file start-v5.csv (CSV, C-alpha atoms and all ligand atoms)
chain,number,residue,atom,x,y,z
F,1,MET,CA,-34.4,29.6,-13.6
F,2,GLN,CA,-36.0,26.9,-11.6
F,3,SER,CA,-34.5,23.5,-10.8
F,4,THR,CA,-35.1,20.7,-13.4
F,5,VAL,CA,-38.2,18.7,-13.0
F,6,ILE,CA,-38.9,15.5,-14.9
F,7,ALA,CA,-42.6,14.7,-14.9
F,8,PRO,CA,-43.5,11.3,-16.4
F,9,SER,CA,-47.0,11.3,-18.0
F,10,ILE,CA,-48.9,8.3,-16.6
F,11,LEU,CA,-51.0,8.4,-19.8
F,12,SER,CA,-48.4,5.9,-21.2
F,13,ALA,CA,-48.2,3.8,-18.0
F,14,ASN,CA,-49.7,0.4,-17.5
F,15,PHE,CA,-53.0,1.3,-15.9
F,16,ALA,CA,-53.5,-2.3,-14.6
F,17,LYS,CA,-50.7,-1.7,-12.2
F,18,LEU,CA,-50.6,2.1,-11.9
F,19,GLY,CA,-49.4,2.3,-8.3
F,20,GLU,CA,-46.4,0.2,-9.0
F,21,GLU,CA,-45.6,2.1,-12.2
F,22,VAL,CA,-45.7,5.4,-10.3
F,23,ASP,CA,-43.6,4.1,-7.4
F,24,GLN,CA,-41.1,2.8,-10.0
F,25,VAL,CA,-40.7,6.1,-12.0
F,26,LEU,CA,-40.3,8.0,-8.7
F,27,ALA,CA,-37.7,5.6,-7.5
F,28,SER,CA,-36.0,6.0,-10.8
F,29,GLY,CA,-35.4,9.7,-10.5
F,30,ALA,CA,-38.7,11.3,-11.6
F,31,ASP,CA,-39.7,14.4,-9.7
F,32,TRP,CA,-43.4,14.9,-10.3
F,33,VAL,CA,-46.2,12.8,-11.6
F,34,HIS,CA,-48.0,14.3,-14.7
F,35,PHE,CA,-51.7,13.4,-14.6
F,36,ASP,CA,-53.5,13.9,-17.9
F,37,VAL,CA,-57.3,14.4,-17.6
F,38,MET,CA,-59.3,14.1,-20.8
F,39,ASP,CA,-63.0,14.4,-21.1
F,40,ASN,CA,-63.9,13.3,-24.7
F,41,HIS,CA,-65.3,16.8,-25.2
F,42,TYR,CA,-62.5,19.4,-25.0
F,43,VAL,CA,-60.2,16.6,-26.4
F,44,PRO,CA,-61.1,13.5,-28.3
F,45,ASN,CA,-60.0,11.0,-25.7
F,46,LEU,CA,-61.2,9.9,-22.2
F,47,THR,CA,-58.9,9.2,-19.3
F,48,ILE,CA,-58.9,9.5,-15.5
F,49,GLY,CA,-60.4,11.8,-12.9
F,50,PRO,CA,-60.0,12.7,-9.2
F,51,LEU,CA,-60.7,9.2,-7.9
F,52,VAL,CA,-57.5,8.0,-9.5
F,53,CYS,CA,-55.6,10.9,-8.1
F,54,GLU,CA,-56.9,10.1,-4.6
F,55,ALA,CA,-56.0,6.5,-5.1
F,56,LEU,CA,-52.4,7.4,-5.8
F,57,ARG,CA,-52.3,9.5,-2.6
F,58,LYS,CA,-53.8,6.6,-0.6
F,59,HIS,CA,-51.2,4.3,-2.2
F,60,GLY,CA,-48.6,6.5,-0.6
F,61,VAL,CA,-47.4,8.8,-3.4
F,62,THR,CA,-46.0,11.9,-1.8
F,63,ALA,CA,-44.4,13.5,-4.9
F,64,PRO,CA,-46.2,16.5,-6.5
F,65,ILE,CA,-49.1,15.5,-8.7
F,66,ASP,CA,-49.2,17.7,-11.8
F,67,VAL,CA,-52.8,17.7,-13.0
F,68,HIS,CA,-53.2,18.7,-16.7
F,69,LEU,CA,-56.9,19.3,-17.2
F,70,MET,CA,-58.1,18.8,-20.8
F,71,VAL,CA,-61.7,19.3,-19.8
F,72,GLN,CA,-64.4,21.8,-20.5
F,73,PRO,CA,-65.8,23.4,-18.3
F,74,VAL,CA,-62.9,23.6,-15.9
F,75,ASP,CA,-64.1,25.2,-12.7
F,76,ARG,CA,-66.5,22.5,-11.3
F,77,ILE,CA,-63.8,19.8,-11.3
F,78,VAL,CA,-61.1,22.0,-9.6
F,79,PRO,CA,-62.3,21.5,-5.9
F,80,ASP,CA,-62.5,17.7,-6.5
F,81,PHE,CA,-58.9,17.5,-7.7
F,82,ALA,CA,-57.7,19.7,-4.8
F,83,LYS,CA,-59.4,17.4,-2.4
F,84,ALA,CA,-58.0,14.4,-4.2
F,85,GLY,CA,-54.4,15.6,-3.6
F,86,ALA,CA,-53.4,17.5,-6.7
F,87,SER,CA,-50.4,19.8,-6.2
F,88,VAL,CA,-50.5,21.8,-9.5
F,89,ILE,CA,-53.6,22.2,-11.6
F,90,SER,CA,-53.2,23.5,-15.2
F,91,PHE,CA,-56.0,24.3,-17.6
F,92,HIS,CA,-56.5,25.5,-21.2
F,93,PRO,CA,-57.7,29.1,-21.6
F,94,GLU,CA,-60.0,28.0,-24.4
F,95,ALA,CA,-61.9,25.7,-21.9
F,96,SER,CA,-62.6,28.4,-19.3
F,97,ALA,CA,-65.0,31.4,-19.7
F,98,HIS,CA,-63.0,33.4,-17.2
F,99,VAL,CA,-59.4,32.6,-17.1
F,100,HIS,CA,-58.4,34.8,-14.2
F,101,ARG,CA,-61.3,33.6,-12.1
F,102,THR,CA,-60.2,30.0,-12.7
F,103,VAL,CA,-56.6,30.8,-11.6
F,104,GLN,CA,-58.0,32.3,-8.4
F,105,LEU,CA,-60.2,29.3,-7.8
F,106,ILE,CA,-57.3,26.9,-8.1
F,107,ARG,CA,-55.2,28.9,-5.7
F,108,SER,CA,-58.0,29.4,-3.3
F,109,HIS,CA,-58.1,25.6,-3.0
F,110,GLY,CA,-54.4,25.6,-2.0
F,111,CYS,CA,-53.0,24.3,-5.3
F,112,GLN,CA,-50.5,25.9,-7.7
F,113,ALA,CA,-52.1,27.2,-10.9
F,114,GLY,CA,-50.9,26.7,-14.5
F,115,LEU,CA,-52.1,27.8,-17.9
F,116,VAL,CA,-51.7,25.6,-20.9
F,117,LEU,CA,-51.0,26.9,-24.4
F,118,ASN,CA,-51.8,24.7,-27.4
F,119,PRO,CA,-49.4,24.7,-30.3
F,120,ALA,CA,-51.5,27.4,-32.1
F,121,THR,CA,-52.4,29.5,-29.0
F,122,PRO,CA,-50.6,32.8,-29.1
F,123,VAL,CA,-48.4,33.8,-26.2
F,124,GLU,CA,-50.4,37.0,-25.7
F,125,VAL,CA,-53.0,34.9,-23.8
F,126,LEU,CA,-50.5,35.2,-20.9
F,127,ASP,CA,-50.8,39.0,-20.9
F,128,TYR,CA,-52.6,40.2,-17.7
F,129,VAL,CA,-52.5,36.8,-16.1
F,130,LEU,CA,-48.8,35.7,-16.1
F,131,ASP,CA,-48.0,37.4,-12.8
F,132,ASP,CA,-50.7,35.3,-11.1
F,133,LEU,CA,-49.5,31.9,-12.4
F,134,ASP,CA,-47.2,29.4,-10.8
F,135,LEU,CA,-46.5,27.6,-14.1
F,136,VAL,CA,-46.9,27.9,-17.9
F,137,LEU,CA,-47.3,24.7,-19.8
F,138,LEU,CA,-46.5,24.8,-23.5
F,139,MET,CA,-48.0,22.0,-25.6
F,140,SER,CA,-45.5,20.7,-28.2
F,141,VAL,CA,-48.2,18.4,-29.6
F,142,ASN,CA,-51.9,18.8,-30.0
F,143,PRO,CA,-53.6,17.6,-26.8
F,144,GLY,CA,-55.4,14.3,-26.6
F,145,PHE,CA,-52.9,11.5,-27.2
F,146,GLY,CA,-49.4,10.3,-26.1
F,147,GLY,CA,-46.8,9.2,-28.5
F,148,GLN,CA,-47.0,12.1,-31.0
F,149,SER,CA,-44.0,14.0,-32.5
F,150,PHE,CA,-42.6,17.2,-31.1
F,151,ILE,CA,-43.8,20.3,-33.1
F,152,PRO,CA,-40.6,22.3,-33.8
F,153,SER,CA,-42.2,25.7,-33.5
F,154,ALA,CA,-42.6,25.1,-29.8
F,155,LEU,CA,-38.9,26.0,-29.5
F,156,ASP,CA,-39.4,29.5,-30.6
F,157,LYS,CA,-42.4,29.8,-28.3
F,158,LEU,CA,-40.4,28.5,-25.4
F,159,ARG,CA,-37.8,31.3,-26.0
F,160,ARG,CA,-40.6,33.9,-26.1
F,161,VAL,CA,-42.3,32.7,-22.9
F,162,ARG,CA,-39.0,32.3,-21.1
F,163,ALA,CA,-38.3,36.0,-21.8
F,164,MET,CA,-41.8,36.9,-20.6
F,165,ILE,CA,-41.3,34.9,-17.4
F,166,ASP,CA,-37.9,36.4,-16.7
F,167,ALA,CA,-39.3,39.9,-17.1
F,168,THR,CA,-41.7,39.2,-14.2
F,169,GLY,CA,-38.9,38.3,-11.9
F,170,LYS,CA,-41.1,35.6,-10.4
F,171,PRO,CA,-40.3,31.9,-9.9
F,172,ILE,CA,-42.8,30.7,-12.5
F,173,ARG,CA,-42.1,27.3,-14.0
F,174,LEU,CA,-42.0,26.8,-17.8
F,175,GLU,CA,-43.2,23.3,-18.6
F,176,ILE,CA,-43.2,21.5,-22.0
F,177,ASP,CA,-45.5,18.6,-22.9
F,178,GLY,CA,-45.5,16.4,-26.0
F,179,GLY,CA,-42.8,14.4,-27.9
F,180,VAL,CA,-40.1,15.1,-25.3
F,181,LYS,CA,-37.3,12.5,-25.6
F,182,PRO,CA,-33.7,12.1,-24.5
F,183,ASP,CA,-32.5,13.2,-27.9
F,184,ASN,CA,-34.4,16.5,-28.1
F,185,ILE,CA,-34.6,17.5,-24.4
F,186,GLY,CA,-31.3,19.3,-24.5
F,187,GLU,CA,-32.4,21.8,-27.1
F,188,ILE,CA,-35.8,22.1,-25.4
F,189,ALA,CA,-34.0,23.0,-22.1
F,190,ALA,CA,-31.7,25.4,-24.0
F,191,ALA,CA,-34.9,27.2,-25.3
F,192,GLY,CA,-36.0,27.8,-21.7
F,193,ALA,CA,-38.0,24.9,-20.3
F,194,ASP,CA,-37.3,23.8,-16.8
F,195,THR,CA,-40.1,21.2,-16.3
F,196,PHE,CA,-40.4,18.3,-18.8
F,197,VAL,CA,-43.3,16.0,-19.3
F,198,ALA,CA,-42.5,12.7,-21.0
F,199,GLY,CA,-44.9,9.8,-21.5
F,200,SER,CA,-44.0,7.3,-24.2
F,201,ALA,CA,-40.3,8.1,-24.0
F,202,ILE,CA,-40.2,6.9,-20.3
F,203,PHE,CA,-42.9,4.3,-20.1
F,204,GLY,CA,-42.0,2.8,-23.4
F,205,GLN,CA,-38.6,1.8,-22.1
F,206,ARG,CA,-37.9,-1.1,-19.7
F,207,ASP,CA,-35.3,0.8,-17.6
F,208,TYR,CA,-36.9,4.0,-16.3
F,209,ALA,CA,-33.8,5.0,-14.4
F,210,ASP,CA,-31.7,4.8,-17.5
F,211,VAL,CA,-34.0,7.0,-19.6
F,212,ILE,CA,-34.7,9.5,-16.8
F,213,GLY,CA,-30.9,9.7,-16.1
F,214,ARG,CA,-30.2,10.3,-19.8
F,215,MET,CA,-32.8,13.1,-19.8
F,216,LYS,CA,-31.3,14.8,-16.8
F,217,ALA,CA,-27.8,14.5,-18.1
F,218,ALA,CA,-28.9,16.1,-21.4
F,219,VAL,CA,-30.6,19.0,-19.6
F,220,ALA,CA,-27.5,19.6,-17.5
F,221,ALA,CA,-25.1,19.4,-20.5
Y,301,LIG,C1,-51.1,14.9,-24.5
Y,301,LIG,C2,-50.7,14.9,-23.0
Y,301,LIG,C3,-49.3,14.5,-22.8
Y,301,LIG,C4,-48.8,13.2,-23.3
Y,301,LIG,C5,-47.4,13.2,-23.6
Y,301,LIG,O1,-52.4,15.5,-24.5
Y,301,LIG,O2,-50.9,16.1,-22.4
Y,301,LIG,O3,-48.9,14.7,-21.4
Y,301,LIG,O4,-49.1,12.1,-22.4
Y,301,LIG,O5,-47.0,12.0,-24.2
Y,301,LIG,P1,-45.7,11.9,-25.0
Y,301,LIG,O6,-44.5,12.2,-24.1
Y,301,LIG,O7,-45.7,10.4,-25.4
Y,301,LIG,O8,-45.8,12.8,-26.2
Y,302,ZN,ZN,-50.2,16.5,-20.4
call {"tool": "encode", "arguments": {"input": "start-v5.csv", "output": "structure tokens"}}
result
Amino acid sequence: MQSTVIAPSILSANFAKLGEEVDQVLASGADWVHFDVMDNHYVPNLTIGPLVCEALRKHGVTAPIDVHLMVQPVDRIVPDFAKAGASVISFHPEASAHVHRTVQLIRSHGCQAGLVLNPATPVEVLDYVLDDLDLVLLMSVNPGFGGQSFIPSALDKLRRVRAMIDATGKPIRLEIDGGVKPDNIGEIAAAGADTFVAGSAIFGQRDYADVIGRMKAAVAA
């Protein structure tokens, strides 16, 4: 099992002062920055691209930037995000014509590669590609918006993917995204997640250190 990572989703941050918001969550104990990219095509919402990723790096952010691509097609935006300073790039298999090729493309640009499973995407999509991944991201809401409720069937899926990852013997991270809060993160961790995205639960609170601290304590319990 990998070390615990808390990755605040900046989707719920105040974009008018994004640099400060990111500095503040990182100073409050966050480990990564989760960066949601939406194209109003693969998902019905439009957010941020490589320019904003680059701006965070220029601002001085050194923590891993965890880019979650909700875009279609995927491949042509990968080099731009690598150049902009992305650390991990994850994509949805439904958005790529050649999943294994996209994984190779991400890695060839020096980034870690992740595959994202929507709530209704079967775990079998990981067959034949899991060994080549650095991370599996399970969606516990349908992608497109922050502030939705955790879909309970994600717990069983986490247990299944945890077993698949353990069988590889490789240090592949298992990340969960959607509706993660201090009061459910304990059971999510027990089901096998080691990397936790949380948007509204963190940015919706005034005291980031308090909520991140409570999340870490619940994972460790
Ligand atoms: C949804 C995004 C999530 C979202 C999570 O498509 O991938 O990262 O920001 O937000 P919360 O934690 O509010 O569910
Ligand atoms: Zn996300």
call {"tool": "residues_around", "arguments": {"input": "start-v5.csv", "residues": "stretch 72-80 of chain F", "least_positions_apart": "2", "cutoff": "8 Å", "atoms": "all atoms listed in the file", "output": "VMD selection string"}}
result
chain F and resid 39 41 to 42 50 69 to 70 82 to 84 89 91 95 to 96 102 105 to 106 109
call {"tool": "residues_near_point", "arguments": {"input": "start-v5.csv", "point": "(-37.8, 6.5, -20.9)", "cutoff": "7 Å", "atoms": "only C-alpha atoms", "output": "JSON, numbers by chain"}}
result
{"F": [201, 202, 203, 204, 205, 208, 211, 212]}
call {"tool": "closest_atom_pairs", "arguments": {"input": "start-v5.csv", "of": "chain F", "to": "ligand ZN 302 (chain Y)", "cutoff": "6 Å", "atoms": "all atoms listed in the file", "output": "CSV"}}
result
residue,atom,partner,partner_atom,distance
F:Asp36,CA,Y:ZN302,ZN,4.9
F:His68,CA,Y:ZN302,ZN,5.2
F:Asp177,CA,Y:ZN302,ZN,5.7
call {"tool": "write_last_selection", "arguments": {"input": "start-v5.csv", "atoms": "C-alpha atoms", "output": "CSV table (one decimal), keeping the file's coordinate frame"}}
result
chain,number,residue,atom,x,y,z
F,36,ASP,CA,-53.5,13.9,-17.9
F,68,HIS,CA,-53.2,18.7,-16.7
F,177,ASP,CA,-45.5,18.6,-22.9
call {"tool": "residues_around", "arguments": {"input": "start-v5.csv", "residues": "F:Val99", "least_positions_apart": "5", "cutoff": "12 Å", "atoms": "all atoms listed in the file", "output": "PyMOL selection string"}}
result
chain F and resi 73-75+90-94+104-106+113-116+125-130+132-133
call {"tool": "closest_residue", "arguments": {"input": "start-v5.csv", "among": "F:Ser140, F:Ile6, F:Ile151, F:Gly178", "to": "ligand LIG 301 (chain Y)", "atoms": "all atoms listed in the file"}}
result
F:Gly178
call {"tool": "residues_around", "arguments": {"input": "start-v5.csv", "residues": "F:Ser87", "least_positions_apart": "4", "cutoff": "10 Å", "atoms": "only C-alpha atoms", "output": "compact mmCIF listing (two decimals) with C-alpha atoms, keeping the file's coordinate frame"}}
result
# COMPACT_ATOMS: atom_id res chain seq x y z
CA TRP F 32 -43.40 14.90 -10.30
CA VAL F 33 -46.20 12.80 -11.60
CA ALA F 63 -44.40 13.50 -4.90
CA PRO F 64 -46.20 16.50 -6.50
CA ILE F 65 -49.10 15.50 -8.70
CA ASP F 66 -49.20 17.70 -11.80
CA VAL F 67 -52.80 17.70 -13.00
CA PHE F 81 -58.90 17.50 -7.70
CA ALA F 82 -57.70 19.70 -4.80
CA GLY F 110 -54.40 25.60 -2.00
CA CYS F 111 -53.00 24.30 -5.30
CA GLN F 112 -50.50 25.90 -7.70
CA ALA F 113 -52.10 27.20 -10.90
call {"tool": "closest_residue", "arguments": {"input": "start-v5.csv", "among": "F:Ala163, F:Ala30, F:Met38, F:Ala220", "to": "ligand LIG 301 (chain Y)", "atoms": "all atoms listed in the file"}}
result
F:Met38
call {"tool": "residues_near_ligand", "arguments": {"input": "start-v5.csv", "ligand": "ligand LIG 301 (chain Y)", "cutoff": "10 Å", "atoms": "all atoms listed in the file", "output": "PyMOL selection string"}}
result
chain F and resi 7-13+34-38+43-45+67-70+116+118+137-150+176-181+196-204
call {"tool": "atom_distance", "arguments": {"input": "start-v5.csv", "atom1": "atom CA of F:Pro119", "atom2": "atom CA of F:Asn40"}}
result
19.3 Å
call {"tool": "residues_around", "arguments": {"input": "start-v5.csv", "residues": "F:Thr195", "least_positions_apart": "3", "cutoff": "7 Å", "atoms": "only C-alpha atoms", "output": "MDAnalysis selection string"}}
result
chainID F and resid 4:6 173:176
call {"tool": "decode", "arguments": {"input": "start-v5.csv", "residues": "stretch 167-203 of chain F", "atoms": "N, CA and C atoms", "output": "PDB file, in the first residue's frame"}}
result
ATOM      1  N   ALA F 167      -2.285  -7.872  -6.799  1.00  0.00           N
ATOM      2  CA  ALA F 167      -1.842  -9.047  -7.556  1.00  0.00           C
ATOM      3  C   ALA F 167      -0.707  -8.708  -8.526  1.00  0.00           C
ATOM      4  N   THR F 168      -0.601  -7.447  -8.929  1.00  0.00           N
ATOM      5  CA  THR F 168       0.499  -7.074  -9.835  1.00  0.00           C
ATOM      6  C   THR F 168       1.816  -6.958  -9.076  1.00  0.00           C
ATOM      7  N   GLY F 169       1.748  -6.700  -7.762  1.00  0.00           N
ATOM      8  CA  GLY F 169       2.966  -6.486  -6.979  1.00  0.00           C
ATOM      9  C   GLY F 169       3.643  -5.161  -7.296  1.00  0.00           C
ATOM     10  N   LYS F 170       2.949  -4.293  -8.028  1.00  0.00           N
ATOM     11  CA  LYS F 170       3.564  -3.013  -8.426  1.00  0.00           C
ATOM     12  C   LYS F 170       3.005  -1.861  -7.592  1.00  0.00           C
ATOM     13  N   PRO F 171       3.793  -0.792  -7.448  1.00  0.00           N
ATOM     14  CA  PRO F 171       3.369   0.335  -6.601  1.00  0.00           C
ATOM     15  C   PRO F 171       2.395   1.270  -7.323  1.00  0.00           C
ATOM     16  N   ILE F 172       1.260   0.712  -7.724  1.00  0.00           N
ATOM     17  CA  ILE F 172       0.265   1.494  -8.471  1.00  0.00           C
ATOM     18  C   ILE F 172      -0.680   2.148  -7.465  1.00  0.00           C
ATOM     19  N   ARG F 173      -0.882   3.443  -7.601  1.00  0.00           N
ATOM     20  CA  ARG F 173      -1.777   4.142  -6.675  1.00  0.00           C
ATOM     21  C   ARG F 173      -3.239   3.898  -7.027  1.00  0.00           C
ATOM     22  N   LEU F 174      -4.091   3.899  -5.977  1.00  0.00           N
ATOM     23  CA  LEU F 174      -5.536   3.768  -6.167  1.00  0.00           C
ATOM     24  C   LEU F 174      -6.191   5.040  -5.615  1.00  0.00           C
ATOM     25  N   GLU F 175      -6.682   5.834  -6.549  1.00  0.00           N
ATOM     26  CA  GLU F 175      -7.213   7.160  -6.213  1.00  0.00           C
ATOM     27  C   GLU F 175      -8.728   7.164  -6.337  1.00  0.00           C
ATOM     28  N   ILE F 176      -9.369   7.924  -5.469  1.00  0.00           N
ATOM     29  CA  ILE F 176     -10.832   8.032  -5.487  1.00  0.00           C
ATOM     30  C   ILE F 176     -11.197   9.505  -5.636  1.00  0.00           C
ATOM     31  N   ASP F 177     -12.245   9.765  -6.419  1.00  0.00           N
ATOM     32  CA  ASP F 177     -12.590  11.156  -6.751  1.00  0.00           C
ATOM     33  C   ASP F 177     -14.103  11.318  -6.783  1.00  0.00           C
ATOM     34  N   GLY F 178     -14.622  12.151  -5.882  1.00  0.00           N
ATOM     35  CA  GLY F 178     -16.041  12.504  -5.906  1.00  0.00           C
ATOM     36  C   GLY F 178     -16.737  12.238  -4.586  1.00  0.00           C
ATOM     37  N   GLY F 179     -17.172  13.303  -3.934  1.00  0.00           N
ATOM     38  CA  GLY F 179     -17.956  13.155  -2.707  1.00  0.00           C
ATOM     39  C   GLY F 179     -17.162  12.659  -1.513  1.00  0.00           C
ATOM     40  N   VAL F 180     -15.846  12.814  -1.545  1.00  0.00           N
ATOM     41  CA  VAL F 180     -15.009  12.374  -0.419  1.00  0.00           C
ATOM     42  C   VAL F 180     -15.016  13.459   0.660  1.00  0.00           C
ATOM     43  N   LYS F 181     -15.292  13.048   1.903  1.00  0.00           N
ATOM     44  CA  LYS F 181     -15.430  13.992   3.012  1.00  0.00           C
ATOM     45  C   LYS F 181     -14.819  13.373   4.273  1.00  0.00           C
ATOM     46  N   PRO F 182     -14.585  14.190   5.306  1.00  0.00           N
ATOM     47  CA  PRO F 182     -14.021  13.616   6.545  1.00  0.00           C
ATOM     48  C   PRO F 182     -14.861  12.462   7.092  1.00  0.00           C
ATOM     49  N   ASP F 183     -16.188  12.507   6.907  1.00  0.00           N
ATOM     50  CA  ASP F 183     -17.000  11.454   7.535  1.00  0.00           C
ATOM     51  C   ASP F 183     -17.134  10.173   6.706  1.00  0.00           C
ATOM     52  N   ASN F 184     -16.658  10.144   5.474  1.00  0.00           N
ATOM     53  CA  ASN F 184     -16.686   8.863   4.736  1.00  0.00           C
ATOM     54  C   ASN F 184     -15.288   8.395   4.312  1.00  0.00           C
ATOM     55  N   ILE F 185     -14.271   9.209   4.538  1.00  0.00           N
ATOM     56  CA  ILE F 185     -12.937   8.861   4.028  1.00  0.00           C
ATOM     57  C   ILE F 185     -12.372   7.628   4.743  1.00  0.00           C
ATOM     58  N   GLY F 186     -12.783   7.391   5.974  1.00  0.00           N
ATOM     59  CA  GLY F 186     -12.293   6.220   6.700  1.00  0.00           C
ATOM     60  C   GLY F 186     -12.701   4.928   6.018  1.00  0.00           C
ATOM     61  N   GLU F 187     -13.979   4.813   5.654  1.00  0.00           N
ATOM     62  CA  GLU F 187     -14.422   3.573   5.005  1.00  0.00           C
ATOM     63  C   GLU F 187     -13.891   3.479   3.571  1.00  0.00           C
ATOM     64  N   ILE F 188     -13.650   4.617   2.946  1.00  0.00           N
ATOM     65  CA  ILE F 188     -13.065   4.622   1.593  1.00  0.00           C
ATOM     66  C   ILE F 188     -11.626   4.103   1.662  1.00  0.00           C
ATOM     67  N   ALA F 189     -10.907   4.530   2.685  1.00  0.00           N
ATOM     68  CA  ALA F 189      -9.525   4.041   2.876  1.00  0.00           C
ATOM     69  C   ALA F 189      -9.532   2.547   3.190  1.00  0.00           C
ATOM     70  N   ALA F 190     -10.478   2.129   4.024  1.00  0.00           N
ATOM     71  CA  ALA F 190     -10.546   0.704   4.394  1.00  0.00           C
ATOM     72  C   ALA F 190     -10.853  -0.160   3.172  1.00  0.00           C
ATOM     73  N   ALA F 191     -11.545   0.402   2.183  1.00  0.00           N
ATOM     74  CA  ALA F 191     -11.862  -0.345   0.960  1.00  0.00           C
ATOM     75  C   ALA F 191     -10.677  -0.402   0.004  1.00  0.00           C
ATOM     76  N   GLY F 192      -9.609   0.363   0.295  1.00  0.00           N
ATOM     77  CA  GLY F 192      -8.399   0.191  -0.502  1.00  0.00           C
ATOM     78  C   GLY F 192      -7.803   1.414  -1.158  1.00  0.00           C
ATOM     79  N   ALA F 193      -8.444   2.577  -1.032  1.00  0.00           N
ATOM     80  CA  ALA F 193      -7.873   3.782  -1.659  1.00  0.00           C
ATOM     81  C   ALA F 193      -6.686   4.289  -0.854  1.00  0.00           C
ATOM     82  N   ASP F 194      -5.691   4.848  -1.556  1.00  0.00           N
ATOM     83  CA  ASP F 194      -4.562   5.484  -0.862  1.00  0.00           C
ATOM     84  C   ASP F 194      -4.417   6.956  -1.247  1.00  0.00           C
ATOM     85  N   THR F 195      -5.146   7.377  -2.276  1.00  0.00           N
ATOM     86  CA  THR F 195      -5.022   8.732  -2.805  1.00  0.00           C
ATOM     87  C   THR F 195      -6.438   9.314  -2.902  1.00  0.00           C
ATOM     88  N   PHE F 196      -6.655  10.454  -2.248  1.00  0.00           N
ATOM     89  CA  PHE F 196      -8.018  10.947  -2.041  1.00  0.00           C
ATOM     90  C   PHE F 196      -8.169  12.349  -2.616  1.00  0.00           C
ATOM     91  N   VAL F 197      -9.069  12.483  -3.577  1.00  0.00           N
ATOM     92  CA  VAL F 197      -9.399  13.804  -4.119  1.00  0.00           C
ATOM     93  C   VAL F 197     -10.577  14.346  -3.321  1.00  0.00           C
ATOM     94  N   ALA F 198     -10.499  15.610  -2.952  1.00  0.00           N
ATOM     95  CA  ALA F 198     -11.655  16.246  -2.313  1.00  0.00           C
ATOM     96  C   ALA F 198     -11.678  17.710  -2.711  1.00  0.00           C
ATOM     97  N   GLY F 199     -12.799  18.130  -3.262  1.00  0.00           N
ATOM     98  CA  GLY F 199     -12.952  19.516  -3.703  1.00  0.00           C
ATOM     99  C   GLY F 199     -13.767  20.323  -2.724  1.00  0.00           C
ATOM    100  N   SER F 200     -15.097  20.127  -2.781  1.00  0.00           N
ATOM    101  CA  SER F 200     -15.982  20.943  -1.949  1.00  0.00           C
ATOM    102  C   SER F 200     -15.740  20.726  -0.463  1.00  0.00           C
ATOM    103  N   ALA F 201     -15.347  19.514  -0.070  1.00  0.00           N
ATOM    104  CA  ALA F 201     -15.146  19.247   1.363  1.00  0.00           C
ATOM    105  C   ALA F 201     -13.999  20.080   1.923  1.00  0.00           C
ATOM    106  N   ILE F 202     -13.018  20.399   1.082  1.00  0.00           N
ATOM    107  CA  ILE F 202     -11.877  21.188   1.563  1.00  0.00           C
ATOM    108  C   ILE F 202     -12.098  22.676   1.316  1.00  0.00           C
ATOM    109  N   PHE F 203     -12.369  23.033   0.051  1.00  0.00           N
ATOM    110  CA  PHE F 203     -12.475  24.463  -0.265  1.00  0.00           C
ATOM    111  C   PHE F 203     -13.759  25.087   0.272  1.00  0.00           C
TER     112      PHE F 203
END
